[in-house]
file upload06.cif (mmCIF, C-alpha atoms)
data_target
#
loop_
_atom_site.label_atom_id
_atom_site.label_comp_id
_atom_site.auth_asym_id
_atom_site.auth_seq_id
_atom_site.Cartn_x
_atom_site.Cartn_y
_atom_site.Cartn_z
CA MET A 729 -13.22 -17.90 -24.96
CA ASP A 730 -11.87 -20.68 -22.72
CA GLY A 731 -8.48 -18.98 -22.84
CA ASP A 732 -10.03 -15.71 -21.72
CA ARG A 733 -11.79 -17.39 -18.81
CA ARG A 734 -8.59 -19.13 -17.76
CA GLY A 735 -6.66 -15.87 -18.06
CA TRP A 736 -9.12 -13.94 -15.91
CA ARG A 737 -9.22 -16.76 -13.35
CA GLN A 738 -5.44 -16.66 -13.07
CA CYS A 739 -5.51 -12.86 -12.94
CA LEU A 740 -7.98 -12.89 -10.04
CA LEU A 741 -6.09 -15.65 -8.19
CA SER A 742 -2.86 -13.69 -8.42
CA GLY A 743 -4.75 -10.64 -7.18
CA ALA A 744 -5.94 -12.62 -4.16
CA VAL A 745 -2.34 -13.64 -3.38
CA PHE A 746 -1.35 -9.97 -3.68
CA ALA A 747 -4.13 -8.98 -1.26
CA VAL A 748 -3.06 -11.58 1.33
CA CYS A 749 0.49 -10.27 1.35
CA MET A 750 -0.57 -6.63 1.67
CA ALA A 751 -3.05 -7.44 4.46
CA GLY A 752 -0.13 -8.56 6.60
CA THR A 753 1.52 -5.15 6.30
CA THR A 754 -1.39 -3.35 8.01
CA LEU A 755 -2.40 -6.15 10.36
CA PRO A 756 -0.76 -4.55 13.46
CA THR A 757 -2.46 -1.15 12.95
CA PRO A 758 -5.31 -1.49 15.53
CA LEU A 759 -3.00 -3.40 17.89
CA TYR A 760 -0.40 -0.67 18.49
CA GLY A 761 -2.30 0.62 21.53
CA LEU A 762 -2.11 -2.85 23.08
CA TYR A 763 1.60 -3.04 22.35
CA GLN A 764 2.05 0.42 23.94
CA GLU A 765 0.39 -0.85 27.10
CA LYS A 766 2.43 -4.05 27.07
CA PHE A 767 5.88 -2.56 26.33
CA GLY A 768 5.39 1.06 27.47
CA PHE A 769 6.58 3.12 24.49
CA SER A 770 5.58 6.59 23.20
CA GLU A 771 3.59 7.74 20.21
CA LEU A 772 6.85 8.67 18.46
CA THR A 773 7.93 5.05 18.80
CA VAL A 774 4.66 3.94 17.20
CA THR A 775 5.35 6.08 14.14
CA VAL A 776 8.96 4.85 13.93
CA VAL A 777 7.85 1.21 14.17
CA TYR A 778 5.34 1.91 11.42
CA ALA A 779 7.92 3.70 9.24
CA VAL A 780 10.49 0.90 9.53
CA TYR A 781 8.15 -1.00 7.23
CA ALA A 782 8.40 1.73 4.59
CA PHE A 783 12.19 1.79 4.79
CA GLY A 784 12.21 -1.96 4.17
CA VAL A 785 9.99 -1.48 1.12
CA ILE A 786 12.19 1.27 -0.30
CA ALA A 787 15.39 -0.72 0.26
CA VAL A 788 14.00 -3.72 -1.63
CA LEU A 789 12.64 -1.57 -4.47
CA LEU A 790 16.01 0.13 -4.93
CA LEU A 791 18.12 -3.00 -4.62
CA THR A 792 15.91 -5.58 -6.33
CA GLY A 793 13.01 -3.69 -7.91
CA ASN A 794 13.93 -5.19 -11.30
CA VAL A 795 14.73 -8.72 -10.10
CA SER A 796 11.45 -10.25 -11.29
CA ASP A 797 12.21 -9.03 -14.84
CA ALA A 798 15.23 -11.34 -14.73
CA VAL A 799 14.47 -14.40 -12.58
CA GLY A 800 10.69 -14.48 -13.05
CA ARG A 801 7.65 -13.32 -11.12
CA ARG A 802 6.86 -16.49 -9.15
CA PRO A 803 10.23 -16.92 -7.37
CA VAL A 804 10.12 -13.29 -6.22
CA LEU A 805 6.55 -13.61 -4.95
CA LEU A 806 7.39 -16.81 -3.06
CA TRP A 807 10.24 -14.99 -1.32
CA GLY A 808 7.79 -12.21 -0.52
CA LEU A 809 5.41 -14.67 1.09
CA GLY A 810 8.33 -16.09 3.05
CA PHE A 811 9.11 -12.68 4.51
CA ALA A 812 5.40 -12.17 5.29
CA ALA A 813 5.44 -15.41 7.26
CA ALA A 814 8.63 -14.36 9.07
CA SER A 815 6.98 -11.06 10.02
CA ALA A 816 3.98 -12.86 11.52
CA VAL A 817 6.30 -15.14 13.50
CA CYS A 818 8.14 -12.10 14.93
CA PHE A 819 4.88 -10.60 16.18
CA LEU A 820 3.86 -13.95 17.64
CA CYS A 821 7.17 -14.19 19.52
CA ALA A 822 7.29 -10.50 20.55
CA THR A 823 8.61 -10.05 24.09
CA GLY A 824 9.92 -6.53 23.56
CA LEU A 825 10.12 -3.60 21.16
CA GLY A 826 12.95 -5.15 19.13
CA TRP A 827 10.64 -7.91 17.87
CA LEU A 828 8.24 -5.28 16.51
CA TYR A 829 11.03 -3.52 14.61
CA VAL A 830 12.21 -6.78 13.04
CA GLY A 831 8.66 -7.86 12.26
CA ARG A 832 7.90 -4.57 10.53
CA LEU A 833 11.18 -4.78 8.60
CA PHE A 834 10.29 -8.26 7.32
CA SER A 835 6.85 -6.94 6.42
CA GLY A 836 8.47 -4.15 4.42
CA LEU A 837 10.73 -6.60 2.61
CA SER A 838 7.67 -8.67 1.75
CA ALA A 839 5.74 -5.68 0.41
CA GLY A 840 8.78 -4.43 -1.48
CA LEU A 841 9.12 -7.72 -3.32
CA PHE A 842 5.39 -7.85 -4.08
CA THR A 843 4.74 -4.24 -5.02
CA GLY A 844 6.32 -4.11 -8.46
CA ALA A 845 6.39 -7.82 -9.30
CA ALA A 846 2.81 -8.65 -8.27
CA THR A 847 1.37 -5.59 -10.01
CA VAL A 848 3.00 -6.57 -13.29
CA TYR A 849 2.20 -10.27 -12.75
CA VAL A 850 -1.52 -9.59 -12.37
CA MET A 851 -1.49 -7.50 -15.54
CA GLU A 852 0.48 -10.10 -17.52
CA LEU A 853 -1.88 -12.96 -16.58
CA ALA A 854 -4.92 -11.13 -17.95
CA PRO A 855 -6.13 -11.98 -21.48
CA GLU A 856 -5.05 -9.80 -24.38
CA GLY A 857 -6.89 -6.49 -24.41
CA GLY A 858 -7.63 -6.60 -20.67
CA THR A 859 -4.92 -4.18 -19.52
CA SER A 860 -7.30 -1.62 -18.05
CA ARG A 861 -9.33 -4.17 -16.08
CA ALA A 862 -6.18 -5.97 -14.95
CA THR A 863 -4.74 -2.69 -13.70
CA PHE A 864 -7.84 -2.29 -11.55
CA VAL A 865 -7.46 -5.87 -10.23
CA ALA A 866 -3.85 -5.13 -9.27
CA THR A 867 -4.50 -1.80 -7.57
CA ALA A 868 -7.69 -3.07 -5.91
CA ALA A 869 -5.81 -6.10 -4.58
CA ASN A 870 -3.14 -3.77 -3.21
CA MET A 871 -5.50 -1.33 -1.51
CA GLY A 872 -8.15 -3.90 -0.65
CA GLY A 873 -5.54 -6.06 1.03
CA LEU A 874 -4.25 -3.09 2.99
CA GLY A 875 -7.82 -2.46 4.16
CA CYS A 876 -8.49 -6.07 5.14
CA GLY A 877 -5.47 -6.13 7.48
CA PRO A 878 -6.68 -3.67 10.14
CA LEU A 879 -10.29 -4.86 9.79
CA LEU A 880 -9.33 -8.49 10.41
CA ALA A 881 -7.02 -7.67 13.31
CA GLY A 882 -9.48 -5.24 14.89
CA VAL A 883 -12.38 -7.69 14.83
CA LEU A 884 -10.28 -10.56 16.19
CA ALA A 885 -8.67 -8.36 18.87
CA GLN A 886 -12.06 -7.09 20.06
CA TYR A 887 -14.21 -10.20 19.89
CA ALA A 888 -11.86 -13.21 20.06
CA ALA A 889 -9.25 -14.51 22.47
CA TRP A 890 -5.50 -13.77 22.30
CA PRO A 891 -5.73 -10.36 20.56
CA LEU A 892 -1.95 -10.08 20.01
CA TYR A 893 -1.63 -13.60 18.64
CA LEU A 894 -4.73 -14.84 16.79
CA PRO A 895 -4.55 -12.25 13.91
CA PHE A 896 -1.04 -13.41 13.03
CA VAL A 897 -1.95 -17.10 13.26
CA VAL A 898 -4.80 -16.49 10.80
CA HIS A 899 -2.48 -14.57 8.48
CA LEU A 900 0.09 -17.37 8.55
CA ALA A 901 -2.60 -19.76 7.36
CA LEU A 902 -3.56 -17.39 4.54
CA VAL A 903 0.09 -17.03 3.51
CA ALA A 904 0.48 -20.82 3.37
CA GLY A 905 -2.60 -21.07 1.14
CA SER A 906 -1.25 -18.31 -1.13
CA ALA A 907 2.05 -20.13 -1.54
CA ALA A 908 0.14 -23.26 -2.59
CA VAL A 909 -1.80 -21.24 -5.19
CA LEU A 910 1.44 -19.82 -6.62
CA LEU A 911 3.11 -23.22 -6.80
CA TRP A 912 0.25 -25.25 -8.29
CA TRP A 913 -2.21 -22.92 -10.01
CA LEU A 914 -0.36 -19.96 -11.52
CA PRO A 915 2.15 -20.01 -14.40
CA GLU A 916 5.34 -18.04 -14.90
CA THR A 917 4.97 -15.06 -17.27
CA VAL A 918 8.64 -14.14 -17.87
CA ARG A 919 9.70 -16.15 -20.91
CA GLU A 920 13.40 -15.27 -21.09
CA ARG A 921 14.74 -15.58 -17.57
CA ARG A 922 18.26 -14.66 -16.57
CA PRO A 923 20.44 -15.70 -13.60
CA LEU A 924 20.15 -13.74 -10.36
CA SER A 925 23.81 -12.73 -10.80
CA THR A 926 22.79 -10.50 -13.71
CA VAL A 927 20.60 -8.32 -11.46
CA ARG A 928 22.20 -5.08 -10.31
CA PRO A 929 20.94 -2.55 -7.73
CA GLN A 930 19.03 0.19 -9.48
CA ARG A 931 19.07 3.89 -8.87
CA PRO A 932 15.74 5.74 -8.90
CA GLY A 933 15.11 6.72 -12.48
CA VAL A 934 12.93 6.13 -15.50
CA PRO A 935 13.54 5.96 -19.26
CA PRO A 936 13.28 9.33 -21.02
CA GLN A 937 10.08 8.39 -22.84
CA VAL A 938 8.33 7.69 -19.52
CA ARG A 939 9.23 10.87 -17.67
CA LYS A 940 6.37 13.02 -18.94
CA ALA A 941 3.88 10.56 -17.46
CA PHE A 942 6.01 9.73 -14.42
CA VAL A 943 6.34 13.24 -12.89
CA PRO A 944 2.62 13.92 -12.22
CA ALA A 945 2.06 10.26 -11.34
CA ALA A 946 4.78 10.44 -8.71
CA ILE A 947 3.42 13.68 -7.22
CA ALA A 948 -0.08 12.23 -6.86
CA SER A 949 1.26 8.96 -5.43
CA PHE A 950 3.40 10.72 -2.82
CA VAL A 951 0.51 12.80 -1.48
CA GLY A 952 -1.95 9.90 -1.45
CA PHE A 953 0.40 7.56 0.36
CA ALA A 954 1.41 10.29 2.81
CA LEU A 955 -2.23 10.74 3.80
CA PHE A 956 -2.69 6.99 4.21
CA GLY A 957 0.54 6.66 6.17
CA VAL A 958 -0.35 9.25 8.78
CA PHE A 959 -3.97 8.12 8.92
CA THR A 960 -2.98 4.49 9.46
CA SER A 961 -0.29 5.14 12.05
CA VAL A 962 -1.95 7.72 14.33
CA SER A 963 -5.72 7.54 13.81
CA PRO A 964 -6.21 4.68 16.32
CA ALA A 965 -4.41 6.75 18.96
CA PHE A 966 -6.51 9.83 18.11
CA LEU A 967 -9.73 7.82 18.31
CA SER A 968 -8.74 6.47 21.71
CA GLU A 969 -7.23 9.60 23.30
CA SER A 970 -9.48 12.33 21.90
CA LEU A 971 -12.74 10.56 21.10
CA ASP A 972 -12.72 7.78 23.74
CA VAL A 973 -13.20 5.12 21.06
CA ASP A 974 -11.50 2.06 22.56
CA ASN A 975 -13.18 -0.57 20.41
CA HIS A 976 -10.42 -2.18 18.30
CA ALA A 977 -12.90 -3.31 15.67
CA VAL A 978 -14.09 0.28 15.17
CA SER A 979 -10.51 1.56 14.92
CA GLY A 980 -9.71 -1.13 12.38
CA LEU A 981 -12.87 -0.38 10.40
CA VAL A 982 -12.13 3.35 10.19
CA VAL A 983 -8.66 2.66 8.79
CA ALA A 984 -10.05 -0.02 6.46
CA LEU A 985 -12.61 2.46 5.10
CA ALA A 986 -9.81 4.59 3.70
CA PHE A 987 -8.36 1.68 1.75
CA PHE A 988 -11.75 0.32 0.63
CA SER A 989 -12.73 3.82 -0.53
CA SER A 990 -9.52 3.91 -2.53
CA THR A 991 -10.67 0.77 -4.32
CA ALA A 992 -14.04 2.44 -5.02
CA GLY A 993 -12.24 5.48 -6.39
CA GLN A 994 -10.28 3.27 -8.77
CA LEU A 995 -13.53 1.87 -10.16
CA VAL A 996 -14.58 5.20 -11.64
CA VAL A 997 -11.29 6.00 -13.39
CA GLY A 998 -12.46 4.35 -16.60
CA ARG A 999 -15.56 6.55 -16.64
CA VAL A 1000 -13.98 9.90 -15.85
CA GLY A 1001 -10.84 9.30 -17.93
CA LEU A 1002 -7.19 9.59 -16.98
CA GLU A 1003 -6.88 13.30 -17.79
CA ARG A 1004 -9.57 14.08 -15.23
CA SER A 1005 -8.87 11.28 -12.74
CA LEU A 1006 -5.50 12.60 -11.64
CA PRO A 1007 -6.58 16.20 -10.91
CA LEU A 1008 -9.90 14.97 -9.48
CA GLY A 1009 -7.93 12.63 -7.26
CA CYS A 1010 -5.87 15.51 -5.98
CA ALA A 1011 -9.07 17.45 -5.28
CA GLY A 1012 -10.41 14.47 -3.33
CA LEU A 1013 -7.20 14.28 -1.32
CA LEU A 1014 -7.44 17.99 -0.54
CA ALA A 1015 -11.05 17.55 0.62
CA GLY A 1016 -10.04 14.56 2.75
CA LEU A 1017 -7.28 16.61 4.37
CA ALA A 1018 -9.74 19.41 5.12
CA LEU A 1019 -12.18 16.97 6.74
CA LEU A 1020 -9.38 15.46 8.80
CA ALA A 1021 -8.37 18.94 9.97
CA GLY A 1022 -11.96 19.53 11.07
CA ALA A 1023 -12.00 16.20 12.90
CA LEU A 1024 -8.81 17.09 14.77
CA HIS A 1025 -9.98 20.61 15.62
CA TRP A 1026 -13.52 19.76 16.76
CA ASP A 1027 -12.97 16.16 17.94
CA LEU A 1028 -15.74 14.79 15.73
CA PHE A 1029 -15.86 11.08 14.93
CA SER A 1030 -18.14 11.66 11.94
CA LEU A 1031 -15.52 13.85 10.28
CA VAL A 1032 -12.87 11.17 10.82
CA VAL A 1033 -15.06 8.70 8.95
CA LEU A 1034 -15.79 11.21 6.18
CA SER A 1035 -12.11 12.07 5.82
CA ALA A 1036 -11.30 8.36 5.43
CA ILE A 1037 -13.94 7.93 2.73
CA VAL A 1038 -13.34 11.15 0.75
CA GLY A 1039 -9.56 11.01 1.03
CA GLY A 1040 -9.60 7.32 0.11
CA VAL A 1041 -11.67 7.93 -3.03
CA GLY A 1042 -9.29 10.72 -4.02
CA GLN A 1043 -6.28 8.50 -3.46
CA GLY A 1044 -7.86 5.74 -5.54
CA LEU A 1045 -8.57 8.05 -8.46
CA ALA A 1046 -5.05 9.41 -8.43
CA PHE A 1047 -3.32 6.08 -7.77
CA ARG A 1048 -4.94 4.05 -10.52
CA GLY A 1049 -4.51 6.87 -13.02
CA ALA A 1050 -0.85 7.20 -12.04
CA LEU A 1051 -0.20 3.47 -12.31
CA SER A 1052 -1.96 3.20 -15.69
CA ALA A 1053 0.02 6.10 -17.11
CA VAL A 1054 3.37 4.76 -15.96
CA ALA A 1055 2.69 1.12 -16.90
CA GLN A 1056 1.53 1.94 -20.41
CA ALA A 1057 4.37 4.38 -21.06
CA SER A 1058 7.05 1.91 -19.95
CA PRO A 1059 8.88 -0.55 -22.26
CA ALA A 1060 7.95 -4.17 -21.50
CA ASP A 1061 11.44 -5.10 -20.31
CA ARG A 1062 11.58 -2.14 -17.91
CA ARG A 1063 7.98 -2.12 -16.69
CA ALA A 1064 8.52 -3.76 -13.29
CA SER A 1065 11.53 -1.57 -12.49
CA VAL A 1066 9.73 1.65 -13.48
CA ILE A 1067 6.66 0.72 -11.41
CA SER A 1068 9.00 -0.07 -8.52
CA THR A 1069 10.53 3.39 -8.87
CA LEU A 1070 7.05 4.92 -8.69
CA PHE A 1071 6.47 3.05 -5.47
CA VAL A 1072 9.78 4.31 -4.06
CA VAL A 1073 8.34 7.81 -4.31
CA ALA A 1074 5.02 6.64 -2.86
CA TYR A 1075 6.64 4.93 0.11
CA ALA A 1076 8.79 7.96 0.77
CA GLY A 1077 5.44 9.65 1.33
CA ILE A 1078 4.30 6.91 3.68
CA SER A 1079 7.43 7.11 5.86
CA VAL A 1080 8.94 10.59 6.17
CA PRO A 1081 5.71 12.49 7.06
CA VAL A 1082 4.77 9.72 9.53
CA ILE A 1083 7.99 10.18 11.48
CA GLY A 1084 7.55 13.95 11.30
CA VAL A 1085 4.16 13.67 12.95
CA GLY A 1086 5.65 11.45 15.63
CA VAL A 1087 8.43 13.95 16.35
CA LEU A 1088 5.96 16.84 16.63
CA THR A 1089 3.54 14.91 18.85
CA GLY A 1090 5.76 15.41 21.92
CA PRO A 1091 6.04 19.23 21.88
CA ILE A 1092 2.66 20.19 20.36
CA GLY A 1093 0.45 17.14 20.87
CA LEU A 1094 -1.11 14.68 18.45
CA GLU A 1095 -3.75 17.12 17.18
CA GLY A 1096 -1.24 19.91 16.60
CA ALA A 1097 1.14 17.56 14.78
CA GLY A 1098 -1.71 16.37 12.61
CA LEU A 1099 -2.69 19.93 11.67
CA VAL A 1100 0.90 20.77 10.69
CA PHE A 1101 1.01 17.68 8.50
CA ILE A 1102 -2.33 18.58 6.89
CA ALA A 1103 -1.13 22.09 6.07
CA CYS A 1104 2.03 20.79 4.41
CA MET A 1105 0.18 18.13 2.40
CA ALA A 1106 -2.51 20.64 1.36
CA VAL A 1107 0.13 22.86 -0.20
CA LEU A 1108 1.71 19.92 -1.98
CA VAL A 1109 -1.54 18.42 -3.29
CA SER A 1110 -2.73 21.84 -4.51
CA THR A 1111 0.52 22.29 -6.40
CA ALA A 1112 0.17 18.81 -7.88
CA GLY A 1113 -3.40 19.48 -8.98
CA LEU A 1114 -2.44 22.70 -10.75
CA TYR A 1115 0.49 20.95 -12.43
CA LEU A 1116 -1.82 18.20 -13.71
CA LEU A 1117 -4.35 20.70 -15.02
CA ARG A 1118 -1.62 22.47 -16.99
CA ARG A 1119 0.08 19.27 -18.19
CA PRO A 1120 -2.53 16.51 -18.35
CA VAL A 1121 -1.38 12.93 -18.83
CA ARG A 1122 -2.88 10.89 -21.64
CA THR A 1123 -2.95 7.11 -21.91
CA ARG A 1124 -4.80 4.31 -23.62
CA THR A 1125 -8.01 2.99 -21.98
#

call {"tool": "encode", "arguments": {"input": "upload06.cif", "output": "structure tokens"}}
result
Amino acid sequence: MDGDRRGWRQCLLSGAVFAVCMAGTTLPTPLYGLYQEKFGFSELTVTVVYAVYAFGVIAVLLLTGNVSDAVGRRPVLLWGLGFAAASAVCFLCATGLGWLYVGRLFSGLSAGLFTGAATVYVMELAPEGGTSRATFVATAANMGGLGCGPLLAGVLAQYAAWPLYLPFVVHLALVAGSAAVLLWWLPETVRERRPLSTVRPQRPGVPPQVRKAFVPAAIASFVGFALFGVFTSVSPAFLSESLDVDNHAVSGLVVALAFFSSTAGQLVVGRVGLERSLPLGCAGLLAGLALLAGALHWDLFSLVVLSAIVGGVGQGLAFRGALSAVAQASPADRRASVISTLFVVAYAGISVPVIGVGVLTGPIGLEGAGLVFIACMAVLVSTAGLYLLRRPVRTRT
């Protein structure tokens, strides 16, 4: 019993460290308008700055997605926290657009190191038999952290002094505390560690026995992250330009709602079951896209909020189901690398469509670009849902 309590305490502490790191990746979201005013760049530049983060994540996942399987989880997570701190310093020192690019790149490197390693670490620290609950802790820490970033920055930017500085000072303090927790409170879970020289860059791929679960999981992850990527990068601009919502706290809250709703969606996966959670998640994403289309067409703030909530719940259903299927189907010595490969697909969704929206914003406007994106994602998510209905994924609960 004492061992179980200790295991869950360590699991939750590692989840909190995970959340702190991920909060830093979305911290600039409600601040982009202020940076546009300060440095004078276009909406396309906003989407490119945002997408640089995703490219950093993908590069790390491809080059070192399996590194924690070799050298251990804690060293990788400490490096991730180091890059998170470097990102915050770049934003604190920003005197031009170049600082934002470098800061977002460091943020992507941080998230790339955390994404696979921290997810597995949280699951490994849980007591025996707690895989399902630990999976929720890991995915909730990921999405909850992403939601806390814009909420924290928005509130501080609106109601405190130094809006472009104080959020990053606060995050630096949280990163320092997380490093202390890793060093003094949490154990290493990789028993047979190997030298860093044994790690080789990995190509995207999964073992044959995992592919049946991986294909639908990857489809659902791509669509969910694509929706979040576009919502996070351009919704503050839409709220300001089309709805005259200039309150940074409100912009941050709307974005945070999507991520918090994702966490709520993950909570119900155990009740609805994996076979239903993936197609239901796709249905939720489709409904969220439809609500977002209505918000863009009629300029309605209420529909923006509803799209964040409904789309977020759908993403949560699909994401936790996808992660559970892939994690349980993967061999123990390949688990981190397979999960990293899943996130490569997910972060492709969070980057390529975002830049596409930015490119289209110039010729057809932000609303038109958003509607084109919604149409493309609706086709994809409908196809994914039909695929999952025909070939449901089964896993242990």

call {"tool": "resolve_selection", "arguments": {"input": "upload06.cif", "expression": "the PyMOL selection byres ((chain A and resi 787) around 12)", "output": "PyMOL selection string"}}
result
chain A and resi 780-786+788-793+833-834+836-841+929-932+1068-1069+1071-1073+1075-1076

call {"tool": "resolve_selection", "arguments": {"input": "upload06.cif", "expression": "the PyMOL selection byres ((chain A and resi 764-779) around 9)", "output": "ChimeraX atom specification"}}
result
/A:757,759-763,780-784,823-825,828-829,832-833,957-958,960-962,965,1078-1080,1082-1090,1094

call {"tool": "resolve_selection", "arguments": {"input": "upload06.cif", "expression": "the PyMOL selection byres ((chain A and resi 934) around 9)", "output": "VMD selection string"}}
result
chain A and resid 932 to 933 935 to 939 942 1058 1062 1065 to 1066 1069

call {"tool": "closest_residue", "arguments": {"input": "upload06.cif", "among": "A:Leu902, A:Leu1014, A:Val745, A:Ala868", "to": "Cys1104 in chain A", "atoms": "all atoms listed in the file"}}
result
A:Leu1014

call {"tool": "closest_residue", "arguments": {"input": "upload06.cif", "among": "A:Arg1118, A:Ala1112, A:Ala869, A:Asp797", "to": "Pro1059 in chain A", "atoms": "only C-alpha atoms"}}
result
A:Asp797

call {"tool": "closest_residue", "arguments": {"input": "upload06.cif", "among": "A:Val1100, A:Ala946, A:Cys739, A:Leu1013", "to": "Pro1081 in chain A", "atoms": "all atoms listed in the file"}}
result
A:Val1100

call {"tool": "build_atoms", "arguments": {"input": "upload06.cif", "residues": "range 765-780 of chain A", "atoms": "N, CA, C and O atoms", "output": "short mmCIF file (atom, residue, chain, number, x, y, z; two decimals), keeping the file's coordinate frame"}}
result
data_model
loop_
_atom_site.label_atom_id
_atom_site.label_comp_id
_atom_site.auth_asym_id
_atom_site.auth_seq_id
_atom_site.Cartn_x
_atom_site.Cartn_y
_atom_site.Cartn_z
N GLU A 765 0.67 -0.47 25.71
CA GLU A 765 0.39 -0.85 27.10
C GLU A 765 1.33 -1.97 27.57
O GLU A 765 1.79 -1.97 28.72
N LYS A 766 1.62 -2.89 26.69
CA LYS A 766 2.43 -4.05 27.07
C LYS A 766 3.90 -3.69 27.24
O LYS A 766 4.56 -4.14 28.18
N PHE A 767 4.45 -2.85 26.32
CA PHE A 767 5.88 -2.56 26.33
C PHE A 767 6.21 -1.14 26.79
O PHE A 767 7.38 -0.81 26.98
N GLY A 768 5.19 -0.27 26.92
CA GLY A 768 5.39 1.06 27.47
C GLY A 768 6.22 2.00 26.62
O GLY A 768 7.17 2.61 27.10
N PHE A 769 5.85 2.18 25.34
CA PHE A 769 6.58 3.12 24.49
C PHE A 769 5.67 4.27 24.07
O PHE A 769 4.45 4.23 24.24
N SER A 770 6.29 5.33 23.50
CA SER A 770 5.58 6.59 23.20
C SER A 770 4.95 6.55 21.81
O SER A 770 5.16 5.63 21.02
N GLU A 771 4.21 7.62 21.52
CA GLU A 771 3.59 7.74 20.21
C GLU A 771 4.65 7.90 19.12
O GLU A 771 4.47 7.42 17.99
N LEU A 772 5.75 8.56 19.43
CA LEU A 772 6.85 8.67 18.46
C LEU A 772 7.35 7.28 18.08
O LEU A 772 7.62 7.00 16.91
N THR A 773 7.47 6.41 19.08
CA THR A 773 7.93 5.05 18.80
C THR A 773 6.96 4.32 17.89
O THR A 773 7.37 3.55 17.01
N VAL A 774 5.66 4.56 18.08
CA VAL A 774 4.66 3.94 17.20
C VAL A 774 4.91 4.33 15.75
O VAL A 774 4.90 3.48 14.84
N THR A 775 5.14 5.62 15.52
CA THR A 775 5.35 6.08 14.14
C THR A 775 6.66 5.54 13.57
O THR A 775 6.75 5.24 12.38
N VAL A 776 7.69 5.40 14.41
CA VAL A 776 8.96 4.85 13.93
C VAL A 776 8.80 3.38 13.59
O VAL A 776 9.30 2.91 12.56
N VAL A 777 8.11 2.63 14.46
CA VAL A 777 7.85 1.21 14.17
C VAL A 777 7.10 1.09 12.85
O VAL A 777 7.41 0.23 12.01
N TYR A 778 6.11 1.94 12.66
CA TYR A 778 5.34 1.91 11.42
C TYR A 778 6.23 2.24 10.23
O TYR A 778 6.18 1.57 9.19
N ALA A 779 7.10 3.25 10.36
CA ALA A 779 7.92 3.70 9.24
C ALA A 779 9.03 2.73 8.89
O ALA A 779 9.51 2.72 7.75
N VAL A 780 9.48 1.90 9.84
CA VAL A 780 10.49 0.90 9.53
C VAL A 780 10.02 0.02 8.36
O VAL A 780 10.81 -0.39 7.51
#
